[in-house]
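Participant: Next comes entry38.txt, compact mmCIF, C-alpha atoms:
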# COMPACT_ATOMS: atom_id res chain seq x y z
CA MET A 1 -16.37 31.14 -8.73
CA THR A 2 -15.04 28.81 -6.04
CA ARG A 3 -12.90 25.85 -7.04
CA VAL A 4 -11.63 22.87 -5.06
CA GLY A 5 -8.74 20.71 -6.19
CA LEU A 6 -8.09 17.10 -5.19
CA VAL A 7 -4.84 15.21 -5.80
CA VAL A 8 -4.56 11.62 -4.60
CA ASN A 9 -1.37 9.62 -4.21
CA PRO A 10 -2.73 6.20 -5.27
CA VAL A 11 -0.03 4.22 -3.43
CA ALA A 12 -0.24 6.12 -0.13
CA GLY A 13 -0.86 3.80 2.80
CA LEU A 14 -0.21 0.60 0.85
CA GLY A 15 2.37 -0.58 3.37
CA GLY A 16 0.21 -0.18 6.48
CA ARG A 17 -1.64 -3.47 6.79
CA VAL A 18 1.28 -5.52 5.43
CA GLY A 19 3.67 -4.13 8.04
CA LEU A 20 5.93 -2.05 5.80
CA GLY A 21 5.30 1.35 7.35
CA GLY A 22 5.38 4.08 4.72
CA THR A 23 5.46 3.39 0.99
CA ASP A 24 7.85 6.12 -0.13
CA GLY A 25 9.49 5.05 -3.39
CA PRO A 26 8.34 2.60 -6.09
CA GLU A 27 10.18 -0.37 -4.58
CA ARG A 28 8.12 -0.29 -1.41
CA ALA A 29 4.89 0.11 -3.35
CA ARG A 30 5.76 -2.91 -5.50
CA LEU A 31 6.63 -4.95 -2.41
CA ALA A 32 3.40 -3.98 -0.67
CA LEU A 33 1.34 -5.05 -3.68
CA SER A 34 3.23 -8.35 -3.89
CA LEU A 35 2.33 -8.98 -0.23
CA GLY A 36 -1.35 -8.54 -1.00
CA ALA A 37 -1.83 -4.88 -0.07
CA ARG A 38 -5.05 -3.30 -1.29
CA PRO A 39 -5.04 0.34 -2.44
CA LEU A 40 -7.28 2.43 -0.17
CA ALA A 41 -6.35 5.97 -1.18
CA GLY A 42 -9.13 6.28 -3.74
CA VAL A 43 -11.72 4.96 -1.30
CA ARG A 44 -10.71 7.42 1.39
CA ALA A 45 -10.62 10.30 -1.08
CA ALA A 46 -14.13 9.34 -2.19
CA ALA A 47 -15.31 9.44 1.43
CA ALA A 48 -14.00 13.00 1.74
CA LEU A 49 -15.74 14.08 -1.46
CA GLY A 50 -18.92 12.33 -0.35
CA GLU A 51 -19.01 14.37 2.84
CA LEU A 52 -18.25 17.53 0.88
CA ALA A 53 -21.14 16.65 -1.45
CA LEU A 54 -23.54 16.25 1.45
CA ARG A 55 -22.56 19.59 2.92
CA THR A 56 -22.51 21.63 -0.28
CA GLY A 57 -25.13 19.90 -2.41
CA GLU A 58 -23.16 20.37 -5.62
CA LEU A 59 -21.30 17.07 -5.97
CA ALA A 60 -23.22 13.90 -6.59
CA GLY A 61 -20.50 11.36 -5.80
CA VAL A 62 -17.29 9.77 -6.99
CA GLY A 63 -16.81 6.68 -9.09
CA PRO A 64 -14.39 3.98 -7.89
CA GLY A 65 -12.03 4.34 -10.85
CA VAL A 66 -11.06 7.99 -10.61
CA ARG A 67 -7.50 8.84 -11.67
CA VAL A 68 -6.44 12.47 -12.15
CA GLY A 69 -8.67 15.12 -13.67
CA THR A 70 -10.73 18.26 -13.19
CA VAL A 71 -14.47 18.42 -12.93
CA ASP A 72 -16.75 21.42 -13.47
CA ALA A 73 -20.05 21.73 -11.67
CA PRO A 74 -23.25 21.61 -13.75
CA PRO A 75 -24.38 24.89 -15.34
CA GLY A 76 -26.25 27.11 -12.93
CA SER A 77 -24.63 25.76 -9.77
CA PRO A 78 -24.39 28.52 -7.18
CA ARG A 79 -20.84 27.51 -6.28
CA PRO A 80 -18.99 25.91 -9.23
CA LEU A 81 -16.26 23.49 -8.20
CA VAL A 82 -13.20 22.13 -9.97
CA VAL A 83 -12.13 18.77 -8.57
CA THR A 84 -8.96 16.90 -9.45
CA ALA A 85 -9.08 13.26 -8.48
CA ALA A 86 -6.91 10.16 -8.44
CA GLY A 87 -7.76 6.65 -7.38
CA PRO A 88 -6.58 3.03 -7.36
CA LEU A 89 -3.55 1.91 -9.37
CA GLY A 90 -4.32 1.43 -13.02
CA ALA A 91 -7.41 3.66 -13.10
CA ASP A 92 -7.24 6.63 -15.43
CA SER A 93 -10.75 7.97 -15.90
CA ALA A 94 -12.24 10.95 -14.12
CA ALA A 95 -15.79 9.88 -13.27
CA VAL A 96 -17.85 12.04 -10.97
CA ALA A 97 -21.55 11.33 -11.16
CA GLY A 98 -23.54 14.02 -12.89
CA LEU A 99 -20.56 16.26 -13.64
CA SER A 100 -18.46 16.74 -16.79
CA ALA A 101 -14.77 15.87 -16.44
CA ARG A 102 -11.47 16.48 -18.15
CA VAL A 103 -8.00 15.17 -17.28
CA VAL A 104 -5.35 17.78 -16.45
CA TYR A 105 -2.60 15.35 -15.52
CA ALA A 106 -2.06 11.60 -15.87
CA ALA A 107 0.97 9.56 -14.82
CA GLY A 108 2.83 8.40 -17.90
CA GLY A 109 1.40 11.21 -19.99
CA GLY A 110 -1.59 9.34 -21.44
CA ARG A 111 -5.16 8.38 -20.69
CA ASP A 112 -4.26 4.71 -20.31
CA THR A 113 -2.21 4.52 -17.10
CA SER A 114 -2.78 0.84 -16.34
CA GLY A 115 0.39 -0.50 -14.78
CA VAL A 116 2.10 2.91 -14.71
CA GLU A 117 4.05 3.44 -11.48
CA THR A 118 3.58 6.82 -9.87
CA SER A 119 6.26 8.78 -8.04
CA ALA A 120 6.87 11.98 -6.09
CA ALA A 121 7.43 13.69 -9.43
CA ASP A 122 3.89 12.75 -10.47
CA THR A 123 2.50 14.23 -7.25
CA ALA A 124 4.39 17.47 -7.83
CA ALA A 125 3.30 17.67 -11.46
CA ALA A 126 -0.33 16.97 -10.54
CA VAL A 127 -0.24 19.67 -7.84
CA ARG A 128 1.16 22.24 -10.26
CA ALA A 129 -1.43 21.32 -12.90
CA VAL A 130 -4.25 21.64 -10.38
CA VAL A 131 -3.08 24.95 -8.94
CA ALA A 132 -2.78 26.34 -12.47
CA GLU A 133 -6.55 25.87 -12.70
CA GLY A 134 -6.96 28.52 -10.00
CA VAL A 135 -8.27 26.45 -7.08
CA ASP A 136 -9.31 28.06 -3.80
CA LEU A 137 -8.55 24.95 -1.74
CA LEU A 138 -6.27 22.02 -2.58
CA LEU A 139 -7.22 18.69 -1.02
CA PHE A 140 -4.57 15.97 -1.20
CA ALA A 141 -4.92 12.37 -0.12
CA GLY A 142 -1.72 10.78 1.14
CA GLY A 143 0.66 10.69 4.09
CA ASP A 144 3.66 12.66 5.31
CA GLY A 145 5.67 11.90 2.16
CA THR A 146 2.84 13.27 0.01
CA ALA A 147 2.62 16.37 2.23
CA ARG A 148 6.34 16.98 1.67
CA ASP A 149 5.83 16.65 -2.10
CA VAL A 150 2.93 19.11 -2.00
CA LEU A 151 5.03 21.56 0.04
CA ALA A 152 7.89 21.37 -2.47
CA ALA A 153 5.57 21.72 -5.48
CA LEU A 154 3.80 24.80 -4.11
CA GLY A 155 7.05 26.59 -3.30
CA ASP A 156 6.85 30.13 -1.96
CA ALA A 157 3.24 30.77 -2.97
CA PRO A 158 1.13 28.03 -1.35
CA CYS A 159 -2.64 28.08 -1.67
CA PRO A 160 -4.84 26.82 1.20
CA VAL A 161 -4.47 23.04 1.51
CA LEU A 162 -5.91 20.19 3.55
CA GLY A 163 -4.75 16.58 3.77
CA VAL A 164 -7.14 13.64 3.51
CA PRO A 165 -5.44 11.07 5.78
CA THR A 166 -4.43 8.11 3.65
CA GLY A 167 -0.82 7.27 4.56
CA VAL A 168 0.71 5.32 7.41
CA LYS A 169 2.65 7.80 9.57
CA MET A 170 0.90 11.17 9.18
CA HIS A 171 2.87 13.07 11.84
CA SER A 172 2.05 16.37 10.10
CA ALA A 173 -0.59 18.85 11.27
CA VAL A 174 -1.98 19.43 7.76
CA PHE A 175 -4.42 16.49 7.84
CA ALA A 176 -8.05 16.27 8.91
CA VAL A 177 -8.68 13.67 11.62
CA SER A 178 -10.53 11.45 9.10
CA PRO A 179 -11.60 11.49 5.44
CA ARG A 180 -15.12 12.59 6.33
CA ALA A 181 -13.73 15.31 8.56
CA ALA A 182 -11.73 16.53 5.55
CA GLY A 183 -14.97 16.94 3.61
CA GLU A 184 -16.51 18.74 6.57
CA VAL A 185 -13.58 21.16 6.88
CA ALA A 186 -13.52 21.80 3.13
CA ALA A 187 -17.23 22.61 3.12
CA ALA A 188 -16.83 24.95 6.09
CA TRP A 189 -13.99 26.76 4.34
CA LEU A 190 -15.97 27.17 1.12
CA ASN A 191 -19.18 28.23 2.81
CA ARG A 192 -17.77 30.48 5.51
CA LYS A 193 -14.39 31.79 4.38
CA GLY A 194 -14.68 34.82 6.63
CA ALA A 195 -15.49 32.72 9.68
CA VAL A 196 -12.89 29.96 9.18
CA ARG A 197 -9.35 31.26 9.46
CA LEU A 198 -6.20 29.77 8.00
CA ARG A 199 -3.30 28.71 10.17
CA ASP A 200 0.21 27.68 9.24
CA ALA A 201 0.43 23.93 9.96
CA GLU A 202 3.59 21.90 10.25
CA VAL A 203 4.66 19.46 7.54
CA MET A 204 6.52 16.72 9.43
CA ASP A 205 8.01 13.34 8.66
CA ARG A 206 9.62 10.66 10.75
CA ASP A 207 13.24 11.30 11.71
CA GLU A 208 15.00 8.12 10.57
CA ASP A 209 18.21 9.00 12.45
CA ALA A 210 16.30 9.26 15.72
CA LEU A 211 14.51 6.00 14.94
CA ALA A 212 17.89 4.26 14.59
CA GLU A 213 18.61 5.45 18.15
CA GLY A 214 15.36 3.99 19.47
CA ARG A 215 13.28 7.19 19.48
CA VAL A 216 10.13 7.96 17.49
CA THR A 217 10.28 11.64 16.67
CA SER A 218 9.61 13.88 13.70
CA ARG A 219 11.53 16.37 11.60
CA LEU A 220 10.03 19.67 10.48
CA PHE A 221 10.11 20.42 6.73
CA GLY A 222 7.97 23.55 6.55
CA TRP A 223 4.46 24.92 6.89
CA LEU A 224 1.33 24.99 4.75
CA PRO A 225 -1.81 27.14 5.25
CA VAL A 226 -4.71 24.97 6.46
CA PRO A 227 -8.34 25.87 7.31
CA ASP A 228 -8.47 25.83 11.10
CA LEU A 229 -11.58 23.98 12.27
CA PRO A 230 -10.95 22.88 15.88
CA VAL A 231 -11.16 19.16 16.63
CA ARG A 232 -11.57 18.26 12.92
CA VAL A 233 -7.93 18.99 11.97
CA GLN A 234 -5.26 16.95 13.73
CA GLN A 235 -2.33 18.17 15.79
CA ARG A 236 1.28 17.39 14.91
CA LYS A 237 2.96 14.44 16.58
CA THR A 238 5.21 15.29 19.49
CA GLY A 239 8.45 13.41 20.10
CA SER A 240 8.72 10.53 22.52
CA THR A 241 10.00 11.33 25.99
CA ALA A 242 11.60 9.23 28.67
CA THR A 243 9.03 7.42 30.79
CA ALA A 244 9.47 6.77 34.50
CA PRO A 245 10.35 3.08 35.06
CA GLU A 246 7.90 2.79 37.96
CA ALA A 247 5.02 4.06 35.80
CA VAL A 248 5.80 1.67 32.96
CA GLY A 249 6.38 -1.20 35.37
CA GLY A 250 2.98 -0.61 36.92
CA ILE A 251 1.30 -0.58 33.51
CA ALA A 252 3.09 -3.79 32.55
CA ALA A 253 2.00 -5.53 35.75
CA GLU A 254 -1.61 -4.49 35.20
CA VAL A 255 -1.54 -5.69 31.58
CA ALA A 256 -0.02 -9.04 32.58
CA GLU A 257 -2.71 -9.60 35.20
CA ARG A 258 -5.53 -8.85 32.76
CA VAL A 259 -4.13 -11.03 29.97
CA GLY A 260 -3.16 -13.93 32.24
CA ASP A 261 -2.25 -16.94 30.11
CA GLY A 262 -2.88 -15.64 26.62
CA LEU A 263 -1.77 -13.73 23.56
CA LEU A 264 -0.99 -10.03 23.68
CA VAL A 265 -0.76 -7.90 20.52
CA LEU A 266 1.37 -4.81 21.12
CA GLY A 267 0.95 -1.78 18.89
CA PRO A 268 3.93 0.39 17.91
CA GLY A 269 5.42 3.19 19.96
CA SER A 270 7.82 4.00 22.77
CA THR A 271 5.24 3.38 25.51
CA THR A 272 4.29 -0.12 24.36
CA ARG A 273 7.94 -0.97 23.76
CA ALA A 274 8.76 0.09 27.33
CA VAL A 275 5.86 -2.02 28.61
CA ALA A 276 7.21 -5.04 26.69
CA ALA A 277 10.67 -4.46 28.17
CA ALA A 278 9.14 -4.38 31.67
CA LEU A 279 7.49 -7.71 30.88
CA GLY A 280 10.86 -9.10 29.75
CA ALA A 281 10.57 -8.90 25.95
CA ASP A 282 12.43 -6.86 23.33
CA VAL A 283 10.02 -5.75 20.60
CA SER A 284 10.19 -3.40 17.63
CA LEU A 285 9.55 0.32 17.94
CA THR A 286 7.44 0.90 14.84
CA GLY A 287 5.90 -2.52 14.19
CA VAL A 288 3.14 -4.64 15.70
CA ASP A 289 4.42 -7.60 17.75
CA VAL A 290 2.70 -10.52 19.47
CA LEU A 291 3.68 -11.96 22.86
CA ARG A 292 2.57 -15.12 24.60
CA LEU A 293 2.16 -14.34 28.30
CA ARG A 294 2.23 -16.95 31.05
CA PRO A 295 2.00 -16.11 34.75
CA GLY A 296 5.38 -16.43 36.44
CA ALA A 297 7.31 -16.90 33.19
CA ALA A 298 9.04 -14.66 30.68
CA PRO A 299 6.90 -13.97 27.61
CA ASP A 300 7.57 -15.67 24.28
CA ILE A 301 7.62 -13.60 21.11
CA VAL A 302 5.11 -15.20 18.75
CA ALA A 303 5.45 -12.71 15.89
CA ARG A 304 7.54 -9.63 15.06
CA ASP A 305 6.36 -6.90 12.69
CA ALA A 306 3.13 -8.79 12.20
CA THR A 307 0.89 -8.09 9.22
CA GLU A 308 -2.90 -7.99 9.25
CA ASP A 309 -2.99 -11.52 7.81
CA THR A 310 -0.63 -12.80 10.52
CA LEU A 311 -2.79 -11.31 13.26
CA LEU A 312 -5.91 -12.90 11.76
CA THR A 313 -4.34 -16.37 11.97
CA LEU A 314 -3.74 -16.03 15.72
CA GLY A 315 -7.34 -16.11 16.84
CA PRO A 316 -8.64 -14.14 19.83
CA ALA A 317 -6.00 -12.02 21.56
CA TRP A 318 -5.70 -9.01 23.80
CA ILE A 319 -4.62 -5.85 21.99
CA ALA A 320 -2.61 -3.18 23.85
CA LEU A 321 -2.30 0.21 22.16
CA SER A 322 -0.97 3.58 23.27
CA PRO A 323 -2.10 6.91 21.76
CA ILE A 324 0.28 8.94 19.62
CA GLY A 325 1.85 11.75 21.63
CA GLY A 326 0.39 15.17 20.87
CA GLN A 327 -2.18 13.81 18.38
CA GLY A 328 -4.09 11.37 20.56
CA PHE A 329 -4.71 8.83 17.78
CA LEU A 330 -5.29 5.34 19.13
CA LEU A 331 -6.19 3.60 15.86
CA GLY A 332 -5.61 4.49 12.23
CA ARG A 333 -2.17 6.08 12.42
CA GLY A 334 0.87 3.79 12.17
CA ASN A 335 -0.96 0.67 13.35
CA GLN A 336 -3.14 -0.23 10.36
CA GLN A 337 -2.14 -3.88 10.83
CA VAL A 338 -4.63 -3.80 13.72
CA SER A 339 -7.42 -3.53 11.18
CA PRO A 340 -11.20 -3.63 11.69
CA ARG A 341 -11.14 -7.36 10.85
CA VAL A 342 -8.43 -7.98 13.45
CA LEU A 343 -10.25 -5.95 16.09
CA ARG A 344 -13.50 -7.81 15.54
CA ALA A 345 -11.76 -11.22 15.50
CA SER A 346 -10.11 -10.39 18.83
CA GLY A 347 -13.33 -9.46 20.58
CA GLY A 348 -13.54 -5.75 19.90
CA ARG A 349 -13.68 -3.32 22.77
CA ALA A 350 -13.75 -6.07 25.42
CA HIS A 351 -10.18 -7.12 24.54
CA LEU A 352 -8.75 -3.68 23.83
CA LEU A 353 -6.27 -2.36 26.41
CA VAL A 354 -5.41 1.34 26.21
CA VAL A 355 -2.09 2.04 27.94
CA CYS A 356 -0.64 5.49 28.58
CA THR A 357 1.38 7.26 31.26
CA GLU A 358 -0.38 10.00 33.18
CA GLN A 359 2.15 12.53 31.81
CA LYS A 360 1.36 11.64 28.19
CA LEU A 361 -2.37 11.68 28.84
CA ALA A 362 -2.21 15.07 30.57
CA ALA A 363 -0.28 16.51 27.61
CA LEU A 364 -3.41 16.08 25.45
CA GLY A 365 -5.01 18.90 27.42
CA GLY A 366 -8.37 17.17 27.63
CA ARG A 367 -8.63 16.50 23.88
CA SER A 368 -10.22 13.15 23.03
CA LEU A 369 -8.37 10.04 21.97
CA LEU A 370 -9.11 9.49 18.28
CA LEU A 371 -10.25 6.68 15.97
CA ASP A 372 -9.86 6.43 12.19
CA THR A 373 -10.00 2.73 11.32
CA GLY A 374 -11.78 3.29 7.99
CA ASP A 375 -14.83 1.39 9.30
CA ASP A 376 -17.41 3.89 10.52
CA ALA A 377 -19.56 1.23 12.16
CA LEU A 378 -16.63 -0.12 14.17
CA ASP A 379 -15.49 3.37 15.14
CA ALA A 380 -18.99 4.04 16.46
CA GLU A 381 -18.89 0.80 18.48
CA LEU A 382 -15.52 1.66 20.01
CA ALA A 383 -16.29 5.32 20.71
CA GLY A 384 -17.21 6.49 24.18
CA HIS A 385 -15.39 6.57 27.49
CA VAL A 386 -12.75 3.87 27.89
CA PRO A 387 -10.50 2.95 30.83
CA VAL A 388 -6.87 3.94 30.22
CA ILE A 389 -4.30 1.92 32.16
CA THR A 390 -1.86 4.41 33.72
CA GLY A 391 -0.27 2.21 36.40
CA ARG A 392 -0.72 -0.75 38.70
CA ARG A 393 -4.44 -0.83 39.58
CA ARG A 394 -4.68 2.71 38.24
CA THR A 395 -6.98 3.69 35.38
CA SER A 396 -8.37 6.93 34.02
CA LEU A 397 -11.71 7.09 32.23
CA TYR A 398 -11.09 8.96 28.99
CA ARG A 399 -13.15 9.81 25.93
CA LEU A 400 -12.49 7.93 22.68
CA ALA A 401 -13.99 9.70 19.65
CA MET A 402 -14.32 9.37 15.86
Could you take the file, read its structure, and then write that structure out as structure tokens?
Facilitator:
Amino acid sequence: MTRVGLVVNPVAGLGGRVGLGGTDGPERARLALSLGARPLAGVRAAAALGELALRTGELAGVGPGVRVGTVDAPPGSPRPLVVTAAGPLGADSAAVAGLSARVVYAAGGGRDTSGVETSAADTAAAVRAVVAEGVDLLLFAGGDGTARDVLAALGDAPCPVLGVPTGVKMHSAVFAVSPRAAGEVAAAWLNRKGAVRLRDAEVMDRDEDALAEGRVTSRLFGWLPVPDLPVRVQQRKTGSTATAPEAVGGIAAEVAERVGDGLLVLGPGSTTRAVAAALGADVSLTGVDVLRLRPGAAPDIVARDATEDTLLTLGPAWIALSPIGGQGFLLGRGNQQVSPRVLRASGGRAHLLVVCTEQKLAALGGRSLLLDTGDDALDAELAGHVPVITGRRRTSLYRLAM
């Protein structure tokens, strides 16, 4: 009998669109909610289970108010599944359409968890409760902090795991490239265990000491066994490297010419920060900033560490983004402030500038740039071959994929 477990960190990713970065710790989660953040972890977990349902035929769907529980497949199912699920803050019922459910862990120790704050200890306890059920694959929805909690909870005897990407940073290599990809990988593992091998994938998190020195790099915490389905499971993030001034200067000049007299939204990262410096502006390394460009004049900083709401008040603007080194993600990792609503308000693909040095692009080894905005329709609109600005009057046509 095959069993799948699912543990969801309900506060994972809360800080993304409100410009807080990760939401490790209850204080950040409270602040994110006070700023108007909307929990998305349950929605993204449901998307993963929906894809798994389509590919296995044994799950009918997931209700919006799922908390933490296990679910047994209907009698006679050829492949019985046990699913543990968690959803938006305050929800405490396990509700999977057509399947019986029972709770194996609930934050606060009771069925009524409305208003109960969750913590890393809850994640660890939920993981242990799920694994005790004898699952063959543990799905967890969260970010790098959740991955670290899962690693610690499993200890020296980890079962196969796979992350449903829900957090902000997600530098680790234990995540699928999207929630639906997570369902696809899970189904492949269940259906073809002999054909899908496991690999030890890195659990990473941002190195805060390096960040204080102006570098975005990651620290290794350990490894977890992950089903290895090429292209559908992401790579780990590689550290930022020094960029040649002439390359960055050329990119900056090309961006300035295209924007002309207008607003420029700069995504996070060492490449975009170097481009801003070449333009004459000092911007943040991990936030989204907005510049006002004028030909022949130094740019003005309109907004620092802008939130989604701030970007929506600006009106149409050019958006310059650089892919994450090693992973290739252009949207959906660390720049959730540049949301589907913001992208559409700014003109979509027509006003999207992809900037990247030739060295960084070559390091991807031909793998596509990636999208995971949470809006499948928008991702489909943006996908395809896009020009990547690599220097002054220099572009490379590169594939952008979901």
Participant: To one decimal place, how far is CA of Ser346 in chain A from CA of Gly15 in chain A in Å?
Facilitator: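 A separation of 22.2 Å between them.
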Participant: Looking at only C-alpha atoms, which of A:Pro316, A:Gly374, A:Gly280, A:Gly13 is the one that sits closest to Met170 in chain A?
Facilitator: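 Distance minimum relative to Met170 in chain A lands on A:Gly13.
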Participant: Neighbours of range 19-35 of chain A within 8 Å (only C-alpha atoms; same-chain residues fewer than 6 positions away dropped), as a tab-separated table (two decimals) with C-alpha atoms, keeping the file's coordinate frame?
Facilitator:
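To be explicit, this is the file written out as result.tsv:
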chain	number	residue	atom	x	y	z
A	11	VAL	CA	-0.03	4.22	-3.43
A	12	ALA	CA	-0.24	6.12	-0.13
A	13	GLY	CA	-0.86	3.80	2.80
A	117	GLU	CA	4.05	3.44	-11.48
A	118	THR	CA	3.58	6.82	-9.87
A	119	SER	CA	6.26	8.78	-8.04
A	120	ALA	CA	6.87	11.98	-6.09
A	145	GLY	CA	5.67	11.90	2.16
A	167	GLY	CA	-0.82	7.27	4.56
A	168	VAL	CA	0.71	5.32	7.41
A	169	LYS	CA	2.65	7.80	9.57
A	286	THR	CA	7.44	0.90	14.84
A	287	GLY	CA	5.90	-2.52	14.19
A	288	VAL	CA	3.14	-4.64	15.70
A	305	ASP	CA	6.36	-6.90	12.69
A	306	ALA	CA	3.13	-8.79	12.20
A	307	THR	CA	0.89	-8.09	9.22
A	308	GLU	CA	-2.90	-7.99	9.25
A	334	GLY	CA	0.87	3.79	12.17
A	337	GLN	CA	-2.14	-3.88	10.83
Participant: As an exercise, work out the distance from CA of Leu314 in chain A to CA of Val290 in chain A in Å and give it to one decimal place.
Facilitator: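 Here the two named atoms are 9.3 Å from each other.
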Participant: Could you list, as number ranges by chain, every residue within 8 Å of Arg273 in chain A, counting all atoms listed in the file and ignoring same-chain residues fewer than 5 positions away?
Facilitator: A: 268, 282-285
Participant: Using only C-alpha atoms, which of the listed residues (A:Leu279, A:Leu137, A:Ala124, A:Gly142) sits closest to Leu14 in chain A?
Facilitator: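 Using only C-alpha atoms, the shortest distance to Leu14 in chain A belongs to A:Gly142.
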Participant: Range 228-237 of chain A: which residues within 8 Å, counting all atoms listed in the file, same-chain residues fewer than 5 positions away excluded, as a PyMOL selection string?
Facilitator: chain A and resi 171-178+181-182+185+196-199+202+204+217-218+324-327
Participant: Keeping only C-alpha atoms, take the residues you just selected and write them out as a PDB file, in the coordinates of the input.
Facilitator:
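So out35.pdb came out as:
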ATOM      1  CA  HIS A 171       2.870  13.070  11.840  1.00  0.00           C
ATOM      2  CA  SER A 172       2.050  16.370  10.100  1.00  0.00           C
ATOM      3  CA  ALA A 173      -0.590  18.850  11.270  1.00  0.00           C
ATOM      4  CA  VAL A 174      -1.980  19.430   7.760  1.00  0.00           C
ATOM      5  CA  PHE A 175      -4.420  16.490   7.840  1.00  0.00           C
ATOM      6  CA  ALA A 176      -8.050  16.270   8.910  1.00  0.00           C
ATOM      7  CA  VAL A 177      -8.680  13.670  11.620  1.00  0.00           C
ATOM      8  CA  SER A 178     -10.530  11.450   9.100  1.00  0.00           C
ATOM      9  CA  ALA A 181     -13.730  15.310   8.560  1.00  0.00           C
ATOM     10  CA  ALA A 182     -11.730  16.530   5.550  1.00  0.00           C
ATOM     11  CA  VAL A 185     -13.580  21.160   6.880  1.00  0.00           C
ATOM     12  CA  VAL A 196     -12.890  29.960   9.180  1.00  0.00           C
ATOM     13  CA  ARG A 197      -9.350  31.260   9.460  1.00  0.00           C
ATOM     14  CA  LEU A 198      -6.200  29.770   8.000  1.00  0.00           C
ATOM     15  CA  ARG A 199      -3.300  28.710  10.170  1.00  0.00           C
ATOM     16  CA  GLU A 202       3.590  21.900  10.250  1.00  0.00           C
ATOM     17  CA  MET A 204       6.520  16.720   9.430  1.00  0.00           C
ATOM     18  CA  THR A 217      10.280  11.640  16.670  1.00  0.00           C
ATOM     19  CA  SER A 218       9.610  13.880  13.700  1.00  0.00           C
ATOM     20  CA  ILE A 324       0.280   8.940  19.620  1.00  0.00           C
ATOM     21  CA  GLY A 325       1.850  11.750  21.630  1.00  0.00           C
ATOM     22  CA  GLY A 326       0.390  15.170  20.870  1.00  0.00           C
ATOM     23  CA  GLN A 327      -2.180  13.810  18.380  1.00  0.00           C
TER      24      GLN A 327
END
Participant: How far is it from CA of Asp309 in chain A to CA of Leu291 in chain A, in Å with one decimal?
Facilitator: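 Computing it gives 16.5 Å between the two atoms.
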Participant: Counting all atoms listed in the file, which residues come within 12 Å of (9.2, 1.1, 34.9), with the point read in the file's coordinates, and could you list them as an NGL selection string?
Facilitator: :A and (242-253 or 271-280 or 357 or 390-392)
Participant: May I ask which of the residues A:Arg17, A:Lys360, A:Arg55, A:Arg393 is the closest one to Arg341 in chain A, counting all atoms listed in the file?
Facilitator: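 Of A:Arg17, A:Lys360, A:Arg55, A:Arg393, the one nearest Arg341 in chain A, counting all atoms listed in the file, is A:Arg17.
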Participant: Would you be able to write out as an mmCIF file with C-alpha atoms, in the coordinates of the input which residues have an atom within 7 Å of (-3.1, 3.1, 28.1) in the file's coordinates, counting all atoms listed in the file?
Facilitator:
data_model
loop_
_atom_site.group_PDB
_atom_site.id
_atom_site.type_symbol
_atom_site.label_atom_id
_atom_site.label_comp_id
_atom_site.auth_asym_id
_atom_site.auth_seq_id
_atom_site.Cartn_x
_atom_site.Cartn_y
_atom_site.Cartn_z
ATOM 1 C CA LEU A 321 -2.300 0.210 22.160
ATOM 2 C CA SER A 322 -0.970 3.580 23.270
ATOM 3 C CA LEU A 353 -6.270 -2.360 26.410
ATOM 4 C CA VAL A 354 -5.410 1.340 26.210
ATOM 5 C CA VAL A 355 -2.090 2.040 27.940
ATOM 6 C CA CYS A 356 -0.640 5.490 28.580
ATOM 7 C CA THR A 357 1.380 7.260 31.260
ATOM 8 C CA VAL A 388 -6.870 3.940 30.220
ATOM 9 C CA ILE A 389 -4.300 1.920 32.160
ATOM 10 C CA THR A 390 -1.860 4.410 33.720
#
Participant: Report the centre and edge lengths, in Å to one decimal, of an axis-aligned box enclosing every atom of range 25-33 of chain A listed in the file, padded by 4 Å on each side, as JSON.
Facilitator:
{"center_x": 5.8, "center_y": 0.0, "center_z": -3.4, "size_x": 16.8, "size_y": 18.1, "size_z": 13.4}
